[in-house]
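Okay, my_file_13.cif is below, mmCIF, C-alpha atoms:
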```
data_upload
loop_
_atom_site.label_atom_id
_atom_site.label_comp_id
_atom_site.auth_asym_id
_atom_site.auth_seq_id
_atom_site.Cartn_x
_atom_site.Cartn_y
_atom_site.Cartn_z
CA MET J 1 19.82 -12.56 12.00
CA GLY J 2 18.81 -14.39 8.84
CA LEU J 3 19.48 -13.40 5.24
CA ARG J 4 15.88 -12.24 4.83
CA ASP J 5 16.23 -9.89 7.83
CA LYS J 6 19.43 -8.47 6.39
CA ILE J 7 17.76 -7.89 3.02
CA MET J 8 14.81 -6.15 4.70
CA ILE J 9 17.08 -3.89 6.76
CA GLY J 10 19.21 -3.12 3.70
CA LEU J 11 16.18 -2.24 1.55
CA GLY J 12 14.65 -0.19 4.36
CA ALA J 13 17.87 1.76 4.91
CA LEU J 14 18.24 2.41 1.19
CA ALA J 15 14.62 3.65 1.03
CA ALA J 16 15.24 5.97 4.01
CA VAL J 17 18.36 7.45 2.38
CA LEU J 18 16.61 7.95 -0.99
CA LEU J 19 13.51 9.47 0.61
CA THR J 20 15.55 11.89 2.74
CA ARG J 21 17.49 12.97 -0.34
CA ASN J 22 14.31 13.31 -2.42
CA ILE J 23 12.44 15.37 0.17
CA TRP J 24 15.46 17.64 0.52
CA VAL J 25 15.69 18.16 -3.27
CA MET J 26 11.90 18.54 -3.51
CA LEU J 27 11.81 21.32 -0.94
CA THR J 28 15.03 23.14 -1.74
CA GLY J 29 16.00 22.31 -5.33
CA LEU J 30 12.78 22.18 -7.34
CA PRO J 31 11.00 25.36 -8.43
CA ASP J 32 7.32 25.91 -7.56
CA GLU J 33 4.90 24.96 -10.32
CA ALA J 34 3.72 28.14 -12.09
CA PHE J 35 -0.02 27.80 -11.36
CA GLN J 36 -0.21 25.58 -8.29
CA GLY J 37 2.75 26.79 -6.24
CA ALA J 38 4.30 24.66 -3.51
CA ILE J 39 1.35 22.27 -3.09
CA PHE J 40 2.19 20.79 -6.51
CA ARG J 41 4.99 18.84 -4.79
CA ILE J 42 2.39 16.55 -3.28
CA ILE J 43 2.26 14.87 -6.70
CA PHE J 44 5.67 13.28 -5.95
CA PHE J 45 3.95 11.14 -3.31
CA HIS J 46 0.38 11.06 -4.64
CA VAL J 47 1.19 9.52 -8.04
CA PRO J 48 3.95 7.06 -6.96
CA ALA J 49 1.65 5.90 -4.15
CA ALA J 50 -1.06 5.20 -6.76
CA PHE J 51 1.45 3.34 -8.98
CA THR J 52 2.59 1.26 -5.99
CA CYS J 53 -1.00 0.56 -5.01
CA PHE J 54 -1.95 -0.61 -8.52
CA LEU J 55 1.21 -2.67 -8.83
CA CYS J 56 0.33 -4.40 -5.54
CA PHE J 57 -3.21 -5.07 -6.75
CA PHE J 58 -1.83 -6.48 -10.02
CA LEU J 59 0.52 -8.77 -8.08
CA ALA J 60 -2.46 -9.82 -5.93
CA LEU J 61 -4.31 -10.73 -9.14
CA VAL J 62 -1.35 -12.81 -10.33
CA ALA J 63 -1.06 -14.48 -6.93
CA GLY J 64 -4.80 -15.24 -6.96
CA VAL J 65 -4.62 -16.87 -10.38
CA VAL J 66 -1.49 -18.86 -9.51
CA TYR J 67 -3.11 -20.03 -6.25
CA LEU J 68 -6.17 -21.32 -8.11
CA VAL J 69 -3.92 -23.22 -10.52
CA ARG J 70 -1.34 -24.62 -8.09
CA LYS J 71 -3.24 -24.63 -4.75
CA ASN J 72 -0.07 -23.58 -2.96
CA LEU J 73 -0.86 -21.55 0.17
CA GLN J 74 2.34 -19.51 -0.21
CA TRP J 75 0.58 -17.69 -3.06
CA ASP J 76 -2.36 -16.98 -0.80
CA ALA J 77 0.04 -15.53 1.79
CA PHE J 78 1.61 -13.39 -0.92
CA ALA J 79 -1.82 -12.24 -2.16
CA VAL J 80 -3.01 -11.06 1.25
CA SER J 81 0.35 -9.38 1.93
CA VAL J 82 0.45 -7.36 -1.30
CA THR J 83 -3.24 -6.45 -0.95
CA GLU J 84 -2.73 -5.05 2.55
CA VAL J 85 0.34 -3.06 1.48
CA GLY J 86 -1.51 -1.87 -1.64
CA LEU J 87 -4.34 -0.62 0.57
CA ALA J 88 -1.88 1.38 2.70
CA PHE J 89 -0.50 3.07 -0.44
CA GLY J 90 -4.02 3.53 -1.77
CA ALA J 91 -4.89 5.37 1.45
CA ILE J 92 -1.83 7.61 0.97
CA ASN J 93 -3.00 8.34 -2.57
CA LEU J 94 -6.55 9.21 -1.50
CA ILE J 95 -5.60 11.35 1.52
CA SER J 96 -2.78 13.25 -0.25
CA GLY J 97 -5.16 13.90 -3.17
CA MET J 98 -7.78 15.32 -0.79
CA ILE J 99 -5.24 17.67 0.76
CA TRP J 100 -4.15 18.85 -2.70
CA ALA J 101 -7.81 19.30 -3.73
CA ARG J 102 -8.52 21.48 -0.69
CA ILE J 103 -6.02 24.04 -1.97
CA ILE J 104 -6.51 23.77 -5.74
CA TRP J 105 -10.27 23.07 -5.95
CA GLY J 106 -11.26 24.60 -2.61
CA ILE J 107 -12.95 21.35 -1.53
CA TRP J 108 -11.73 18.16 0.16
CA TRP J 109 -13.72 15.79 -2.02
CA THR J 110 -15.96 15.64 -5.06
CA TRP J 111 -17.86 12.67 -6.49
CA ASP J 112 -15.78 12.82 -9.65
CA TRP J 113 -15.23 9.65 -11.75
CA ARG J 114 -11.56 9.26 -10.79
CA LEU J 115 -11.98 9.95 -7.09
CA THR J 116 -15.10 7.84 -6.74
CA SER J 117 -13.72 4.89 -8.71
CA MET J 118 -10.52 4.95 -6.64
CA LEU J 119 -12.52 4.97 -3.43
CA VAL J 120 -14.71 2.10 -4.66
CA CYS J 121 -11.58 0.17 -5.70
CA TRP J 122 -10.05 0.74 -2.24
CA LEU J 123 -13.25 -0.41 -0.53
CA LEU J 124 -13.44 -3.55 -2.69
CA TYR J 125 -9.91 -4.57 -1.72
CA ALA J 126 -10.68 -3.76 1.93
CA GLY J 127 -13.69 -6.05 1.47
CA TYR J 128 -11.30 -8.84 0.47
CA LEU J 129 -9.62 -8.55 3.89
CA VAL J 130 -13.03 -8.61 5.59
CA LEU J 131 -14.00 -11.70 3.58
CA ARG J 132 -10.83 -13.47 4.72
CA ARG J 133 -11.66 -12.79 8.34
CA ALA J 134 -15.11 -14.26 7.89
CA ILE J 135 -13.90 -17.67 6.60
CA GLU J 136 -12.29 -20.06 9.07
CA GLU J 137 -11.21 -22.89 6.79
CA THR J 138 -7.80 -22.12 5.26
CA THR J 139 -8.18 -23.55 1.74
CA GLU J 140 -11.73 -22.24 1.36
CA ARG J 141 -10.55 -18.80 2.50
CA ALA J 142 -7.68 -18.90 -0.01
CA ARG J 143 -9.93 -20.07 -2.86
CA LEU J 144 -12.69 -17.52 -2.34
CA GLY J 145 -10.10 -14.81 -1.67
CA ALA J 146 -8.36 -15.58 -4.96
CA VAL J 147 -11.66 -15.38 -6.85
CA MET J 148 -12.46 -12.05 -5.21
CA LEU J 149 -9.01 -10.68 -6.11
CA ILE J 150 -9.56 -11.59 -9.76
CA LEU J 151 -12.98 -9.91 -9.77
CA ASN J 152 -11.69 -6.85 -7.88
CA PHE J 153 -8.94 -6.20 -10.40
CA SER J 154 -11.53 -5.49 -13.09
CA VAL J 155 -12.02 -2.10 -11.39
CA VAL J 156 -8.34 -1.10 -11.60
CA PRO J 157 -8.22 -0.31 -15.37
CA PHE J 158 -11.45 1.63 -14.88
CA VAL J 159 -9.78 3.77 -12.18
CA PHE J 160 -6.67 4.22 -14.30
CA PHE J 161 -8.44 5.25 -17.51
CA SER J 162 -11.40 7.07 -15.95
CA ILE J 163 -9.76 10.44 -16.59
CA LYS J 164 -9.46 9.53 -20.28
CA TRP J 165 -12.93 8.03 -20.68
CA PHE J 166 -15.02 10.56 -18.77
CA ARG J 167 -15.20 14.27 -18.20
CA THR J 168 -13.60 14.70 -14.81
CA GLN J 169 -12.36 17.42 -12.54
CA HIS J 170 -9.19 15.43 -11.90
CA PRO J 171 -6.13 16.66 -13.89
CA GLN J 172 -5.49 14.86 -17.17
CA PRO J 173 -2.49 12.50 -17.49
CA VAL J 174 0.85 14.30 -17.43
CA LEU J 175 3.08 11.27 -17.86
CA PHE J 176 1.45 9.27 -20.66
CA GLY J 177 -0.20 10.22 -23.95
CA ASP J 178 -0.33 13.98 -24.23
CA GLY J 179 1.60 14.36 -20.96
CA LYS J 180 3.60 17.54 -20.72
CA MET J 181 5.27 17.34 -17.32
CA ASP J 182 8.64 19.05 -17.22
CA GLU J 183 11.67 16.73 -17.25
CA ILE J 184 12.89 17.74 -13.76
CA TYR J 185 9.47 17.04 -12.22
CA ARG J 186 9.17 13.77 -14.13
CA THR J 187 12.61 12.65 -12.90
CA MET J 188 11.63 13.44 -9.30
CA LEU J 189 8.31 11.65 -9.65
CA TYR J 190 9.88 8.42 -10.91
CA GLY J 191 12.83 8.91 -8.55
CA ASN J 192 10.48 9.02 -5.60
CA TRP J 193 8.66 5.92 -6.76
CA VAL J 194 11.82 3.85 -6.17
CA PRO J 195 11.96 4.31 -2.35
CA LEU J 196 8.19 3.77 -2.11
CA LEU J 197 8.62 0.48 -3.99
CA LEU J 198 11.43 -0.50 -1.62
CA ILE J 199 9.23 0.27 1.39
CA ALA J 200 6.40 -1.74 -0.16
CA ALA J 201 8.76 -4.70 -0.72
CA VAL J 202 9.91 -4.63 2.92
CA LEU J 203 6.33 -4.43 4.19
CA VAL J 204 5.24 -7.33 1.96
CA MET J 205 8.14 -9.46 3.25
CA LEU J 206 7.22 -8.62 6.85
CA ARG J 207 3.54 -9.37 6.26
CA MET J 208 4.31 -12.67 4.51
CA ARG J 209 6.41 -13.78 7.44
CA GLN J 210 3.43 -13.13 9.72
CA GLU J 211 1.11 -15.07 7.46
CA ASN J 212 3.49 -18.05 7.58
CA GLN J 213 3.74 -17.70 11.35
CA GLN J 214 -0.06 -17.75 11.58
CA ARG J 215 -0.13 -20.94 9.50
CA GLU J 216 2.45 -22.54 11.80
CA ILE J 217 0.31 -21.63 14.84
CA ASP J 218 -2.80 -23.11 13.19
CA ALA J 219 -0.92 -26.33 12.37
CA LEU J 220 0.38 -26.65 15.94
CA ARG J 221 -3.10 -26.02 17.33
CA ARG J 222 -4.51 -28.76 15.13
CA ALA J 223 -1.73 -31.07 16.36
CA ALA J 224 -2.58 -30.14 19.96
CA HIS J 225 -6.25 -30.97 19.43
CA SER J 226 -5.41 -34.33 17.84
CA PHE J 227 -3.70 -35.56 21.03
CA MET R 1 5.66 35.23 1.57
CA SER R 2 1.97 35.97 0.88
CA ASP R 3 -0.90 34.38 2.84
CA SER R 4 -1.84 32.08 -0.03
CA GLU R 5 1.78 30.92 -0.43
CA ALA R 6 2.02 30.26 3.31
CA ARG R 7 -1.27 28.31 3.19
CA ASN R 8 0.08 26.37 0.21
CA PHE R 9 3.17 25.35 2.20
CA THR R 10 1.10 24.48 5.27
CA TYR R 11 -1.07 22.10 3.24
CA LEU R 12 2.01 20.62 1.57
CA ALA R 13 3.31 19.88 5.07
CA TYR R 14 -0.06 18.31 5.98
CA GLY R 15 0.17 16.15 2.85
CA LEU R 16 3.66 14.89 3.61
CA ILE R 17 2.79 14.32 7.28
CA ALA R 18 -0.36 12.40 6.29
CA CYS R 19 1.71 10.09 4.04
CA TRP R 20 4.06 9.30 6.91
CA VAL R 21 1.30 8.92 9.49
CA ILE R 22 -0.44 6.31 7.30
CA LEU R 23 2.80 4.38 6.73
CA VAL R 24 3.85 4.54 10.39
CA ALA R 25 0.35 3.49 11.51
CA TYR R 26 0.54 0.46 9.21
CA VAL R 27 4.03 -0.44 10.43
CA LEU R 28 2.81 -0.18 14.06
CA THR R 29 -0.12 -2.47 13.21
CA LEU R 30 2.32 -4.96 11.69
CA THR R 31 4.59 -4.75 14.74
CA ALA R 32 1.68 -5.32 17.14
CA ARG R 33 0.45 -8.27 15.06
CA GLY R 34 3.98 -9.70 14.91
CA ARG R 35 4.30 -9.54 18.71
CA ARG R 36 0.90 -11.18 19.17
CA LEU R 37 1.80 -14.00 16.77
CA THR R 38 5.16 -14.62 18.44
CA ARG R 39 3.41 -14.81 21.83
CA GLN R 40 0.76 -17.19 20.47
CA LEU R 41 3.41 -19.38 18.85
CA ASP R 42 5.37 -19.61 22.11
CA ASN R 43 2.20 -20.47 24.04
CA VAL R 44 1.16 -23.22 21.63
CA LYS R 45 4.68 -24.71 21.59
CA ARG R 46 4.81 -24.66 25.40
CA MET R 47 1.39 -26.29 25.58
CA LEU R 48 2.50 -29.06 23.20
CA GLU R 49 5.72 -29.64 25.17
CA ASP R 50 3.73 -29.89 28.41
CA ARG R 51 1.39 -32.44 26.87
CA GLU R 52 4.26 -34.51 25.51
CA SER R 53 6.04 -34.54 28.86
CA LYS R 54 2.91 -35.81 30.70
#
```

Can I see the file as structure tokens?
Amino acid sequence: MGLRDKIMIGLGALAAVLLTRNIWVMLTGLPDEAFQGAIFRIIFFHVPAAFTCFLCFFLALVAGVVYLVRKNLQWDAFAVSVTEVGLAFGAINLISGMIWARIIWGIWWTWDWRLTSMLVCWLLYAGYLVLRRAIEETTERARLGAVMLILNFSVVPFVFFSIKWFRTQHPQPVLFGDGKMDEIYRTMLYGNWVPLLLIAAVLVMLRMRQENQQREIDALRRAAHSF
Amino acid sequence: MSDSEARNFTYLAYGLIACWVILVAYVLTLTARGRRLTRQLDNVKRMLEDRESK
């Protein structure tokens, strides 16, 4: 077992311990929110999942820019890895939000600015993965993918600030600006972001390994055809 | 516990389960892809070795 495997197992185990502890505290130690009741606790996954998703998309933007400058395919591998993991956390954010909305708003979905922009953002990044599948040539795929990542990121600030800029049904920020979240909830929210970040890191490492493996296979195939 | 409180807890459980289902589904996809890549890599290496030995 290599050092990278050991790091992945270590991070995964730490995430599992932290998550188990957090869920236990969430369910037994934290009081219900006065107006929303128990369903409020979904915020401890909904918001950190969104933070993780946006962080991944930001890293994908950085990787895209660096690829275009340096033309090193490792950055392309990193970009596709963080995008895929970001999409998984984006899906968690969207689905957990829908479940919360069913109880609090009485509906699963509404075409509100925040919800719609998040869905559009998710679809754009999913489109990046579709684009990659459609292009055979490695460097062309990496180049066009990097450009698309840079363009896609322009939607992220829009999603983030949509609740500030527009009248929306989505709750207003409780962490920044006029945020009034109680300290114990705030601590749990940030505390639960840590294991989600650890899980994201492990998944990105796993996905990057696969991308490198794929590149090795492609290189060997080219060598086989050149015989 | 009232009906609305029970419903609240049920949906909280759905929310937590949904988070895990999405993560586990993604991990399973990664695992399946990893197995496929390892198999492909072995096949290509074997093919190259066969060609070199001929």

*Given the file shown, enumerate the residues that the PyMOL selection byres ((chain R) within 6 of (chain J)) captures and present them as number ranges by chain.*
R: 8-9, 12, 15, 19, 41

*What is the atom CA of J:Leu197 to atom CA of J:Ala15 distance in Å?*
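Here the two named atoms are 8.4 Å from each other.
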
*List the residues matched by the PyMOL selection byres ((chain J and resi 121) around 8) in the displayed structure as JSON, numbers by chain, ordered by chain and then by residue number.*
{"J": [117, 118, 119, 120, 122, 123, 124, 125, 152, 155, 156, 159]}

Output file for the selection above: C-alpha atoms, as an mmCIF file, in the frame of the given file:
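Generated output (result-v6.cif):
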```cif
data_model
loop_
_atom_site.group_PDB
_atom_site.id
_atom_site.type_symbol
_atom_site.label_atom_id
_atom_site.label_comp_id
_atom_site.auth_asym_id
_atom_site.auth_seq_id
_atom_site.Cartn_x
_atom_site.Cartn_y
_atom_site.Cartn_z
ATOM 1 C CA SER J 117 -13.720 4.890 -8.710
ATOM 2 C CA MET J 118 -10.520 4.950 -6.640
ATOM 3 C CA LEU J 119 -12.520 4.970 -3.430
ATOM 4 C CA VAL J 120 -14.710 2.100 -4.660
ATOM 5 C CA TRP J 122 -10.050 0.740 -2.240
ATOM 6 C CA LEU J 123 -13.250 -0.410 -0.530
ATOM 7 C CA LEU J 124 -13.440 -3.550 -2.690
ATOM 8 C CA TYR J 125 -9.910 -4.570 -1.720
ATOM 9 C CA ASN J 152 -11.690 -6.850 -7.880
ATOM 10 C CA VAL J 155 -12.020 -2.100 -11.390
ATOM 11 C CA VAL J 156 -8.340 -1.100 -11.600
ATOM 12 C CA VAL J 159 -9.780 3.770 -12.180
#
```

*Answer as a list in words, residues within 7 Å of (7.9, 7.5, 0.2) using all atoms listed in the file*: Leu19, Phe45, Asn192, Pro195 and Leu196 of chain J

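Counting only C-alpha atoms and comparing J:Val147, J:Met1, J:Gln169, J:Thr83, the residue that lies closest to J:Thr110 is J:Gln169.
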
*How many Å separate atom CA of R:Ser2 from atom CA of J:Gly29?*
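Separating atom CA of R:Ser2 from atom CA of J:Gly29 is a distance of 20.5 Å.
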
_So that I can check the surroundings of J:Gly86, please list as a PyMOL selection string every protein, DNA and RNA residue that reaches within 8 Å of it, counting all atoms listed in the file and ignoring chain neighbours fewer than 6 positions away._
chain J and resi 52-57

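Between atom CA of J:Leu30 and atom CA of J:Thr187 lies a distance of 11.0 Å.
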
*Run through the PyMOL selection byres ((chain J and resi 74) around 12) on the given coordinates and return the selected residues as JSON, numbers by chain.*
{"J": [63, 64, 66, 67, 68, 70, 71, 72, 73, 75, 76, 77, 78, 79, 80, 81, 138, 139, 142, 208, 209, 210, 211, 212, 213, 215]}

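Taking only C-alpha atoms, the non-local environment of J:Gly145 within 8 Å (same-chain residues fewer than 5 positions away omitted) comprises J:Gly64, J:Tyr128, J:Leu131, J:Arg132.
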
*Quick one: of J:Ile9, J:Leu14, J:Ile135, J:Val82, who's nearest to J:Phe58, counting only C-alpha atoms?*
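Closest candidate: J:Val82.
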
Write out N, CA and C atoms for stretch 204-221 of chain J, as a JSON list (two decimals), in the coordinates of the input.
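Saved the output as rebuild_30.json:
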```json
[["chain", "number", "residue", "atom", "x", "y", "z"],
["J", 204, "VAL", "N", 5.79, -6.05, 2.45],
["J", 204, "VAL", "CA", 5.24, -7.33, 1.96],
["J", 204, "VAL", "C", 6.00, -8.50, 2.58],
["J", 205, "MET", "N", 7.33, -8.38, 2.65],
["J", 205, "MET", "CA", 8.14, -9.46, 3.25],
["J", 205, "MET", "C", 7.77, -9.67, 4.71],
["J", 206, "LEU", "N", 7.60, -8.54, 5.43],
["J", 206, "LEU", "CA", 7.22, -8.62, 6.85],
["J", 206, "LEU", "C", 5.85, -9.29, 7.00],
["J", 207, "ARG", "N", 4.92, -8.87, 6.17],
["J", 207, "ARG", "CA", 3.54, -9.37, 6.26],
["J", 207, "ARG", "C", 3.49, -10.85, 5.90],
["J", 208, "MET", "N", 4.30, -11.25, 4.91],
["J", 208, "MET", "CA", 4.31, -12.67, 4.51],
["J", 208, "MET", "C", 4.85, -13.55, 5.63],
["J", 209, "ARG", "N", 5.84, -13.02, 6.31],
["J", 209, "ARG", "CA", 6.41, -13.78, 7.44],
["J", 209, "ARG", "C", 5.32, -14.03, 8.49],
["J", 210, "GLN", "N", 4.50, -12.99, 8.74],
["J", 210, "GLN", "CA", 3.43, -13.13, 9.72],
["J", 210, "GLN", "C", 2.39, -14.14, 9.27],
["J", 211, "GLU", "N", 2.10, -14.13, 7.99],
["J", 211, "GLU", "CA", 1.11, -15.07, 7.46],
["J", 211, "GLU", "C", 1.62, -16.50, 7.63],
["J", 212, "ASN", "N", 2.91, -16.71, 7.40],
["J", 212, "ASN", "CA", 3.49, -18.05, 7.58],
["J", 212, "ASN", "C", 3.50, -18.45, 9.05],
["J", 213, "GLN", "N", 3.77, -17.44, 9.91],
["J", 213, "GLN", "CA", 3.74, -17.70, 11.35],
["J", 213, "GLN", "C", 2.34, -18.12, 11.79],
["J", 214, "GLN", "N", 1.34, -17.44, 11.25],
["J", 214, "GLN", "CA", -0.06, -17.75, 11.58],
["J", 214, "GLN", "C", -0.38, -19.19, 11.17],
["J", 215, "ARG", "N", 0.13, -19.58, 10.00],
["J", 215, "ARG", "CA", -0.13, -20.94, 9.50],
["J", 215, "ARG", "C", 0.54, -21.98, 10.42],
["J", 216, "GLU", "N", 1.74, -21.64, 10.89],
["J", 216, "GLU", "CA", 2.45, -22.54, 11.80],
["J", 216, "GLU", "C", 1.65, -22.71, 13.10],
["J", 217, "ILE", "N", 1.12, -21.58, 13.61],
["J", 217, "ILE", "CA", 0.31, -21.63, 14.84],
["J", 217, "ILE", "C", -0.91, -22.50, 14.62],
["J", 218, "ASP", "N", -1.59, -22.31, 13.49],
["J", 218, "ASP", "CA", -2.80, -23.11, 13.19],
["J", 218, "ASP", "C", -2.46, -24.60, 13.14],
["J", 219, "ALA", "N", -1.32, -24.92, 12.49],
["J", 219, "ALA", "CA", -0.92, -26.33, 12.37],
["J", 219, "ALA", "C", -0.62, -26.91, 13.75],
["J", 220, "LEU", "N", 0.07, -26.16, 14.60],
["J", 220, "LEU", "CA", 0.38, -26.65, 15.94],
["J", 220, "LEU", "C", -0.88, -26.83, 16.78],
["J", 221, "ARG", "N", -1.83, -25.90, 16.60],
["J", 221, "ARG", "CA", -3.10, -26.02, 17.33],
["J", 221, "ARG", "C", -3.85, -27.28, 16.93]]
```
